[in-house]
$ cat query23.cif   # mmCIF, C-alpha atoms
data_query
#
loop_
_atom_site.label_atom_id
_atom_site.label_comp_id
_atom_site.auth_asym_id
_atom_site.auth_seq_id
_atom_site.Cartn_x
_atom_site.Cartn_y
_atom_site.Cartn_z
CA MET A 1 35.75 114.78 43.84
CA SER A 2 34.37 116.57 46.88
CA ASN A 3 36.56 118.59 49.26
CA ARG A 4 35.56 116.28 52.10
CA ARG A 5 36.80 113.23 50.20
CA ILE A 6 40.10 114.93 49.25
CA LYS A 7 40.74 115.88 52.88
CA GLY A 8 40.01 112.32 53.93
CA LEU A 9 42.53 110.95 51.48
CA VAL A 10 45.21 113.42 52.62
CA PHE A 11 44.73 112.56 56.29
CA GLY A 12 44.74 108.87 55.40
CA VAL A 13 48.13 109.15 53.66
CA ILE A 14 49.64 111.16 56.52
CA GLY A 15 48.30 108.69 59.04
CA SER A 16 49.81 105.75 57.15
CA LEU A 17 53.25 107.42 57.12
CA ALA A 18 53.32 108.22 60.83
CA LEU A 19 54.56 105.44 63.13
CA PRO A 20 52.30 104.51 66.02
CA VAL A 21 53.40 105.87 69.40
CA TRP A 22 53.62 102.40 70.88
CA LEU A 23 56.01 101.31 68.08
CA LEU A 24 58.27 104.34 68.62
CA ALA A 25 58.33 103.67 72.35
CA GLY A 26 59.27 100.06 71.70
CA SER A 27 62.17 101.12 69.48
CA VAL A 28 63.48 103.52 72.12
CA GLU A 29 63.24 100.84 74.80
CA ALA A 30 65.02 98.34 72.56
CA ASP A 31 67.86 100.81 71.91
CA ALA A 32 68.12 101.49 75.65
CA ARG A 33 68.47 97.77 76.36
CA LEU A 34 71.12 97.43 73.64
CA LYS A 35 73.00 100.43 75.01
CA SER A 36 73.04 98.91 78.49
CA ALA A 37 74.32 95.60 77.13
CA ALA A 38 76.98 97.39 75.07
CA GLN A 39 78.13 99.40 78.08
CA GLY A 40 78.50 96.13 79.98
CA LYS A 41 80.71 94.73 77.22
CA LEU A 42 82.85 97.86 77.18
CA GLY A 43 83.22 97.82 80.95
CA GLY A 44 84.55 94.28 80.87
CA ALA A 45 87.01 95.04 78.06
CA ARG A 46 89.25 97.27 80.21
CA LEU A 47 89.35 100.13 77.76
CA GLY A 48 89.52 102.95 80.28
CA ALA A 49 86.90 105.40 81.49
CA ASP A 50 86.75 107.60 78.38
CA VAL A 51 84.77 105.34 76.04
CA PHE A 52 81.06 105.98 75.45
CA VAL A 53 78.33 104.30 73.45
CA GLY A 54 74.98 105.38 72.05
CA VAL A 55 72.48 103.23 70.18
CA GLU A 56 69.91 104.35 67.65
CA ASP A 57 67.82 101.94 65.58
CA GLY A 58 70.18 99.13 66.55
CA VAL A 59 73.35 100.90 65.38
CA ALA A 60 75.96 101.56 68.08
CA THR A 61 78.10 104.71 67.91
CA LEU A 62 81.34 104.64 69.88
CA THR A 63 83.06 107.85 70.97
CA GLY A 64 85.83 108.86 73.35
CA THR A 65 89.55 108.11 73.57
CA VAL A 66 91.71 105.04 74.17
CA ALA A 67 95.44 104.47 74.45
CA SER A 68 96.00 102.41 71.29
CA ALA A 69 94.61 101.10 68.01
CA GLY A 70 94.30 97.66 69.55
CA LEU A 71 91.96 98.97 72.24
CA ARG A 72 89.94 100.88 69.64
CA GLU A 73 89.47 97.68 67.66
CA ARG A 74 88.66 95.72 70.81
CA ALA A 75 85.87 98.17 71.67
CA ALA A 76 84.19 97.68 68.31
CA LYS A 77 84.50 93.88 68.47
CA GLU A 78 83.01 93.70 71.97
CA VAL A 79 80.02 95.86 71.09
CA ALA A 80 79.43 93.92 67.86
CA LYS A 81 78.95 90.79 70.00
CA VAL A 82 75.77 92.21 71.53
CA ASP A 83 72.76 90.38 70.13
CA GLY A 84 70.61 92.93 68.34
CA ILE A 85 73.36 95.39 67.40
CA SER A 86 73.14 95.70 63.62
CA GLY A 87 76.23 97.87 63.10
CA VAL A 88 79.04 99.77 64.85
CA ASP A 89 80.14 103.29 63.98
CA ASN A 90 83.55 103.51 65.64
CA ARG A 91 84.50 107.16 66.24
CA ILE A 92 86.96 106.48 69.06
CA VAL A 93 90.29 108.29 68.72
CA VAL A 94 93.71 107.21 69.99
CA SER A 95 95.41 109.50 72.50
CA ALA A 96 98.78 110.84 71.36
CA LEU A 97 101.90 110.35 73.48
CA THR A 98 103.85 113.39 74.62
CA GLY A 99 107.03 111.75 73.29
CA GLY A 100 105.51 111.23 69.83
CA ASP A 101 106.88 108.64 67.41
CA ALA A 102 110.17 108.31 69.32
CA GLU A 103 108.34 107.13 72.43
CA ILE A 104 106.17 104.79 70.38
CA LEU A 105 109.27 103.18 68.84
CA ASP A 106 110.91 102.78 72.22
CA ARG A 107 107.83 101.12 73.72
CA ALA A 108 107.26 98.94 70.66
CA ALA A 109 110.89 97.72 70.64
CA ARG A 110 110.56 96.75 74.31
CA GLU A 111 107.40 94.76 73.54
CA VAL A 112 109.19 92.84 70.78
CA ARG A 113 112.10 92.04 73.10
CA LYS A 114 109.66 90.82 75.75
CA TYR A 115 107.84 88.54 73.31
CA ALA A 116 108.57 85.00 74.50
CA TYR A 117 108.96 83.52 71.00
CA TYR A 118 111.20 86.21 69.53
CA SER A 119 114.40 84.33 68.69
CA ILE A 120 117.76 84.99 67.06
CA PHE A 121 116.29 83.44 63.91
CA ASP A 122 113.62 86.15 63.64
CA ASP A 123 114.21 89.76 62.69
CA VAL A 124 111.83 92.64 63.40
CA MET A 125 112.32 96.26 62.37
CA LEU A 126 110.06 99.15 63.34
CA ALA A 127 109.25 102.57 61.94
CA ALA A 128 106.64 105.10 63.08
CA ASP A 129 105.00 108.01 61.31
CA ASN A 130 102.42 110.11 63.19
CA GLY A 131 101.45 107.12 65.29
CA ARG A 132 101.26 104.62 62.42
CA LEU A 133 103.64 101.74 63.16
CA THR A 134 105.20 99.84 60.24
CA VAL A 135 106.66 96.41 61.05
CA THR A 136 109.09 94.75 58.62
CA GLY A 137 111.50 91.85 58.76
CA ALA A 138 111.00 88.08 58.92
CA VAL A 139 109.77 85.46 61.40
CA LEU A 140 109.73 81.69 61.41
CA GLN A 141 105.98 80.98 61.78
CA PRO A 142 102.75 82.70 60.66
CA TRP A 143 101.39 82.82 64.22
CA ARG A 144 104.42 84.81 65.34
CA LYS A 145 103.58 87.43 62.73
CA ASP A 146 99.95 87.55 63.89
CA GLU A 147 100.80 87.66 67.60
CA LEU A 148 103.36 90.42 67.16
CA GLY A 149 100.83 92.43 65.18
CA ARG A 150 98.29 92.16 68.00
CA ILE A 151 100.87 93.00 70.67
CA LEU A 152 102.16 96.06 68.82
CA ALA A 153 98.63 97.33 68.16
CA LEU A 154 98.26 97.67 71.95
CA VAL A 155 101.33 99.90 72.33
CA PRO A 156 100.15 103.29 73.66
CA GLY A 157 100.01 105.97 70.98
CA VAL A 158 99.84 103.53 68.05
CA THR A 159 96.98 104.52 65.75
CA ALA A 160 97.47 101.69 63.22
CA VAL A 161 99.83 98.80 62.50
CA ASP A 162 101.09 98.00 59.00
CA ASN A 163 102.33 94.44 59.52
CA ARG A 164 104.69 93.61 56.65
CA LEU A 165 106.55 90.79 58.38
CA GLU A 166 107.59 88.00 56.03
CA VAL A 167 107.03 84.39 57.12
CA LEU A 168 110.13 82.36 56.26
CA PRO A 169 109.56 79.14 54.26
CA LEU A 170 109.69 75.75 55.96
CA SER A 171 112.95 73.96 55.16
CA SER A 172 114.98 71.32 57.01
CA PHE A 173 118.06 72.53 55.12
CA ASP A 174 117.51 76.11 56.33
CA ASN A 175 116.96 74.87 59.90
CA GLU A 176 120.29 73.04 59.90
CA LEU A 177 122.01 76.07 58.42
CA ARG A 178 120.56 78.35 61.12
CA LEU A 179 121.96 76.15 63.88
CA ARG A 180 125.38 75.85 62.24
CA VAL A 181 125.74 79.60 61.79
CA ALA A 182 124.50 80.36 65.31
CA ARG A 183 126.96 77.92 66.89
CA ALA A 184 129.85 79.30 64.84
CA ILE A 185 129.11 82.94 65.73
CA TYR A 186 128.31 82.59 69.41
CA ALA A 187 131.19 80.16 70.04
CA ASN A 188 133.73 82.76 68.94
CA PRO A 189 135.57 84.24 71.98
CA MET A 190 134.99 87.79 70.74
CA LEU A 191 131.23 87.25 70.41
CA SER A 192 130.43 84.60 73.01
CA ARG A 193 129.37 87.14 75.65
CA TYR A 194 126.46 88.14 73.43
CA GLY A 195 125.12 84.60 73.64
CA LEU A 196 124.72 84.97 77.41
CA GLN A 197 122.23 87.84 77.04
CA VAL A 198 118.49 87.29 77.36
CA ASN A 199 118.08 88.74 73.86
CA PRO A 200 121.28 88.03 71.89
CA PRO A 201 121.78 90.95 69.48
CA ILE A 202 123.04 89.05 66.42
CA HIS A 203 120.15 87.63 64.41
CA ILE A 204 120.47 85.02 61.69
CA VAL A 205 117.83 85.09 58.95
CA VAL A 206 117.98 82.12 56.58
CA ARG A 207 115.91 81.97 53.44
CA ASP A 208 116.37 79.22 50.82
CA GLY A 209 119.97 78.62 51.86
CA ASN A 210 120.92 82.30 51.93
CA VAL A 211 122.04 83.88 55.21
CA VAL A 212 121.51 87.47 56.34
CA LEU A 213 123.06 88.71 59.58
CA THR A 214 121.15 91.53 61.27
CA GLY A 215 121.29 93.26 64.62
CA VAL A 216 123.78 95.37 66.51
CA VAL A 217 127.36 94.84 67.69
CA ASN A 218 129.85 97.11 69.43
CA SER A 219 132.52 97.46 66.74
CA GLU A 220 133.44 96.95 63.10
CA ALA A 221 135.83 94.20 64.21
CA GLU A 222 132.95 92.25 65.80
CA LYS A 223 130.84 92.73 62.69
CA ASN A 224 133.65 91.35 60.51
CA VAL A 225 134.30 88.39 62.82
CA ALA A 226 130.61 87.48 62.80
CA GLY A 227 130.66 87.46 59.00
CA ILE A 228 133.77 85.28 58.90
CA GLU A 229 132.29 82.77 61.35
CA ALA A 230 129.02 82.63 59.41
CA ARG A 231 130.91 81.81 56.23
CA SER A 232 132.96 79.15 58.00
CA ALA A 233 129.76 77.28 58.91
CA GLY A 234 129.46 76.20 55.28
CA LEU A 235 126.34 75.09 53.40
CA SER A 236 125.05 78.59 52.63
CA PHE A 237 124.55 79.78 49.06
CA GLY A 238 125.13 83.40 49.98
CA LEU A 239 125.85 85.64 52.96
CA GLU A 240 124.87 89.26 53.55
CA ASN A 241 126.26 90.98 56.61
CA ARG A 242 123.83 93.73 57.67
CA LEU A 243 125.07 93.98 61.24
CA ARG A 244 125.22 97.55 62.48
CA VAL A 245 127.76 99.08 64.82
CA GLU A 246 126.15 100.51 67.95
CA THR A 247 127.61 104.00 67.57
CA LYS A 248 126.10 104.21 64.06
CA VAL A 249 122.60 103.04 64.91
CA ALA A 250 120.03 105.72 64.12
CA SER A 251 116.70 103.84 64.01
CA ALA A 252 114.72 101.57 66.31
CA LYS A 253 115.66 97.89 66.32
CA PRO A 254 114.53 95.41 68.99
#
$ encode --input "query23.cif" --output "structure tokens"
Amino acid sequence: MSNRRIKGLVFGVIGSLALPVWLLAGSVEADARLKSAAQGKLGGARLGADVFVGVEDGVATLTGTVASAGLRERAAKEVAKVDGISGVDNRIVVSALTGGDAEILDRAAREVRKYAYYSIFDDVMLAADNGRLTVTGAVLQPWRKDELGRILALVPGVTAVDNRLEVLPLSSFDNELRLRVARAIYANPMLSRYGLQVNPPIHIVVRDGNVVLTGVVNSEAEKNVAGIEARSAGLSFGLENRLRVETKVASAKP
């Protein structure tokens, strides 16, 4: 084979591997349009001014800082909605609070108390470790579990939410038992003032006919009276009194 023919073959292979200039320009323009659309989505999502996006070959890369895990997730979801974005590389970090886990727990507990559907028949407990929020306890409906998870993910400083809330089973027997126990406890003269509060502190968790009292009271005497009144309501198969005395409380509880 002649040298001229060999050189022709080499140049032909190289030429076939190289992308035409017009195709490269089109790709850059397409990425620029996608970036503009993604920036518009981020601007409307109210994430703050420290979130940035770049697009290369249809893949969006998010960088910057936000206040919570919920906002970080929201950023990725909004950008993924852009037609033409083939993937999202979410490198956004959550800003830490100066008060650390203690401040996170305080803010998270306030959000639970503010939740319109949080009742005396639900029970939510919180723990935080380096920004990761663990939620345990029990609620009456699945949507309460989901909504609380979304609300708590938006608490500043929260980097992730481990939602371990149990959804209590549907039962007309349990519903009747809840009402009986609540009336007995909050009708007692020693405890009735608690029933006047926006968020009464004694919670009644009923599962398959078994009653668990949770929450906080001011004294051992009040804890004992609540247990006695719960037993007097009848119908229950078992009673566990987990009420805590305020002076002994050492962890966050809404």
$ residues_around --input "query23.cif" --residues "Val205 of chain A" --least-positions-apart "2" --cutoff "9 Å" --atoms "only C-alpha atoms" --output "short mmCIF file (atom, residue, chain, number, x, y, z; two decimals) with C-alpha atoms, in the frame of the given file"
data_model
loop_
_atom_site.label_atom_id
_atom_site.label_comp_id
_atom_site.auth_asym_id
_atom_site.auth_seq_id
_atom_site.Cartn_x
_atom_site.Cartn_y
_atom_site.Cartn_z
CA ILE A 120 117.76 84.99 67.06
CA PHE A 121 116.29 83.44 63.91
CA ASP A 122 113.62 86.15 63.64
CA ASP A 123 114.21 89.76 62.69
CA ALA A 138 111.00 88.08 58.92
CA VAL A 139 109.77 85.46 61.40
CA LEU A 168 110.13 82.36 56.26
CA ARG A 178 120.56 78.35 61.12
CA HIS A 203 120.15 87.63 64.41
CA ARG A 207 115.91 81.97 53.44
CA ASN A 210 120.92 82.30 51.93
CA VAL A 211 122.04 83.88 55.21
CA VAL A 212 121.51 87.47 56.34
CA LEU A 213 123.06 88.71 59.58
CA THR A 214 121.15 91.53 61.27
#
$ resolve_selection --input "query23.cif" --expression "the PyMOL selection byres ((chain A and resi 135) around 12)" --output "PyMOL selection string"
chain A and resi 105+108-109+112+123-129+132-134+136-139+145-146+148-153+160-166+252-254
$ residues_around --input "query23.cif" --residues "segment 97-100 of chain A" --least-positions-apart "2" --cutoff "9 Å" --atoms "all atoms listed in the file" --output "PyMOL selection string"
chain A and resi 67+95+102-105+130-131+156-158
$ residues_around --input "query23.cif" --residues "Ala230 of chain A" --least-positions-apart "6" --cutoff "9 Å" --atoms "only C-alpha atoms" --output "PyMOL selection string"
chain A and resi 180-182+184-185+211+213+236+239
$ write_last_selection --input "query23.cif" --atoms "C-alpha atoms" --output "compact mmCIF listing (two decimals), keeping the file's coordinate frame"
# COMPACT_ATOMS: atom_id res chain seq x y z
CA ARG A 180 125.38 75.85 62.24
CA VAL A 181 125.74 79.60 61.79
CA ALA A 182 124.50 80.36 65.31
CA ALA A 184 129.85 79.30 64.84
CA ILE A 185 129.11 82.94 65.73
CA VAL A 211 122.04 83.88 55.21
CA LEU A 213 123.06 88.71 59.58
CA SER A 236 125.05 78.59 52.63
CA LEU A 239 125.85 85.64 52.96
$ closest_residue --input "query23.cif" --among "A:Arg144, A:Arg74, A:Arg91, A:Lys81" --to "Phe52 of chain A" --atoms "only C-alpha atoms"
A:Arg91
$ resolve_selection --input "query23.cif" --expression "the PyMOL selection byres ((chain A and resi 191-202) around 8)" --output "list in words"
Arg113, Ser119, Ile120, Ile185, Tyr186, Ala187, Asn188, Pro189, Met190, His203, Ile204, Leu213, Thr214, Gly215, Val216, Val217, Glu222, Ala226 and Leu243 of chain A
$ build_atoms --input "query23.cif" --residues "segment 141-155 of chain A" --atoms "N, CA and C atoms" --output "mmCIF file, in the frame of the given file"
data_model
loop_
_atom_site.group_PDB
_atom_site.id
_atom_site.type_symbol
_atom_site.label_atom_id
_atom_site.label_comp_id
_atom_site.auth_asym_id
_atom_site.auth_seq_id
_atom_site.Cartn_x
_atom_site.Cartn_y
_atom_site.Cartn_z
ATOM 1 N N GLN A 141 107.322 81.558 61.924
ATOM 2 C CA GLN A 141 105.980 80.980 61.780
ATOM 3 C C GLN A 141 104.921 82.061 61.571
ATOM 4 N N PRO A 142 103.823 81.716 60.885
ATOM 5 C CA PRO A 142 102.750 82.700 60.660
ATOM 6 C C PRO A 142 102.153 83.229 61.955
ATOM 7 N N TRP A 143 102.016 82.359 62.966
ATOM 8 C CA TRP A 143 101.390 82.820 64.220
ATOM 9 C C TRP A 143 102.267 83.824 64.946
ATOM 10 N N ARG A 144 103.572 83.781 64.739
ATOM 11 C CA ARG A 144 104.420 84.810 65.340
ATOM 12 C C ARG A 144 104.122 86.173 64.708
ATOM 13 N N LYS A 145 103.939 86.188 63.413
ATOM 14 C CA LYS A 145 103.580 87.430 62.730
ATOM 15 C C LYS A 145 102.268 87.989 63.289
ATOM 16 N N ASP A 146 101.263 87.113 63.411
ATOM 17 C CA ASP A 146 99.950 87.550 63.890
ATOM 18 C C ASP A 146 100.019 88.033 65.341
ATOM 19 N N GLU A 147 100.714 87.281 66.187
ATOM 20 C CA GLU A 147 100.800 87.660 67.600
ATOM 21 C C GLU A 147 101.539 88.983 67.783
ATOM 22 N N LEU A 148 102.626 89.161 67.063
ATOM 23 C CA LEU A 148 103.360 90.420 67.160
ATOM 24 C C LEU A 148 102.512 91.590 66.689
ATOM 25 N N GLY A 149 101.729 91.380 65.653
ATOM 26 C CA GLY A 149 100.830 92.430 65.180
ATOM 27 C C GLY A 149 99.838 92.844 66.247
ATOM 28 N N ARG A 150 99.263 91.848 66.941
ATOM 29 C CA ARG A 150 98.290 92.160 68.000
ATOM 30 C C ARG A 150 98.959 92.855 69.176
ATOM 31 N N ILE A 151 100.151 92.396 69.544
ATOM 32 C CA ILE A 151 100.870 93.000 70.670
ATOM 33 C C ILE A 151 101.221 94.453 70.367
ATOM 34 N N LEU A 152 101.723 94.707 69.170
ATOM 35 C CA LEU A 152 102.160 96.060 68.820
ATOM 36 C C LEU A 152 100.975 97.015 68.641
ATOM 37 N N ALA A 153 99.810 96.477 68.281
ATOM 38 C CA ALA A 153 98.630 97.330 68.160
ATOM 39 C C ALA A 153 98.189 97.875 69.510
ATOM 40 N N LEU A 154 98.626 97.233 70.592
ATOM 41 C CA LEU A 154 98.260 97.670 71.950
ATOM 42 C C LEU A 154 99.273 98.629 72.557
ATOM 43 N N VAL A 155 100.336 98.938 71.831
ATOM 44 C CA VAL A 155 101.330 99.900 72.330
ATOM 45 C C VAL A 155 100.675 101.281 72.405
#
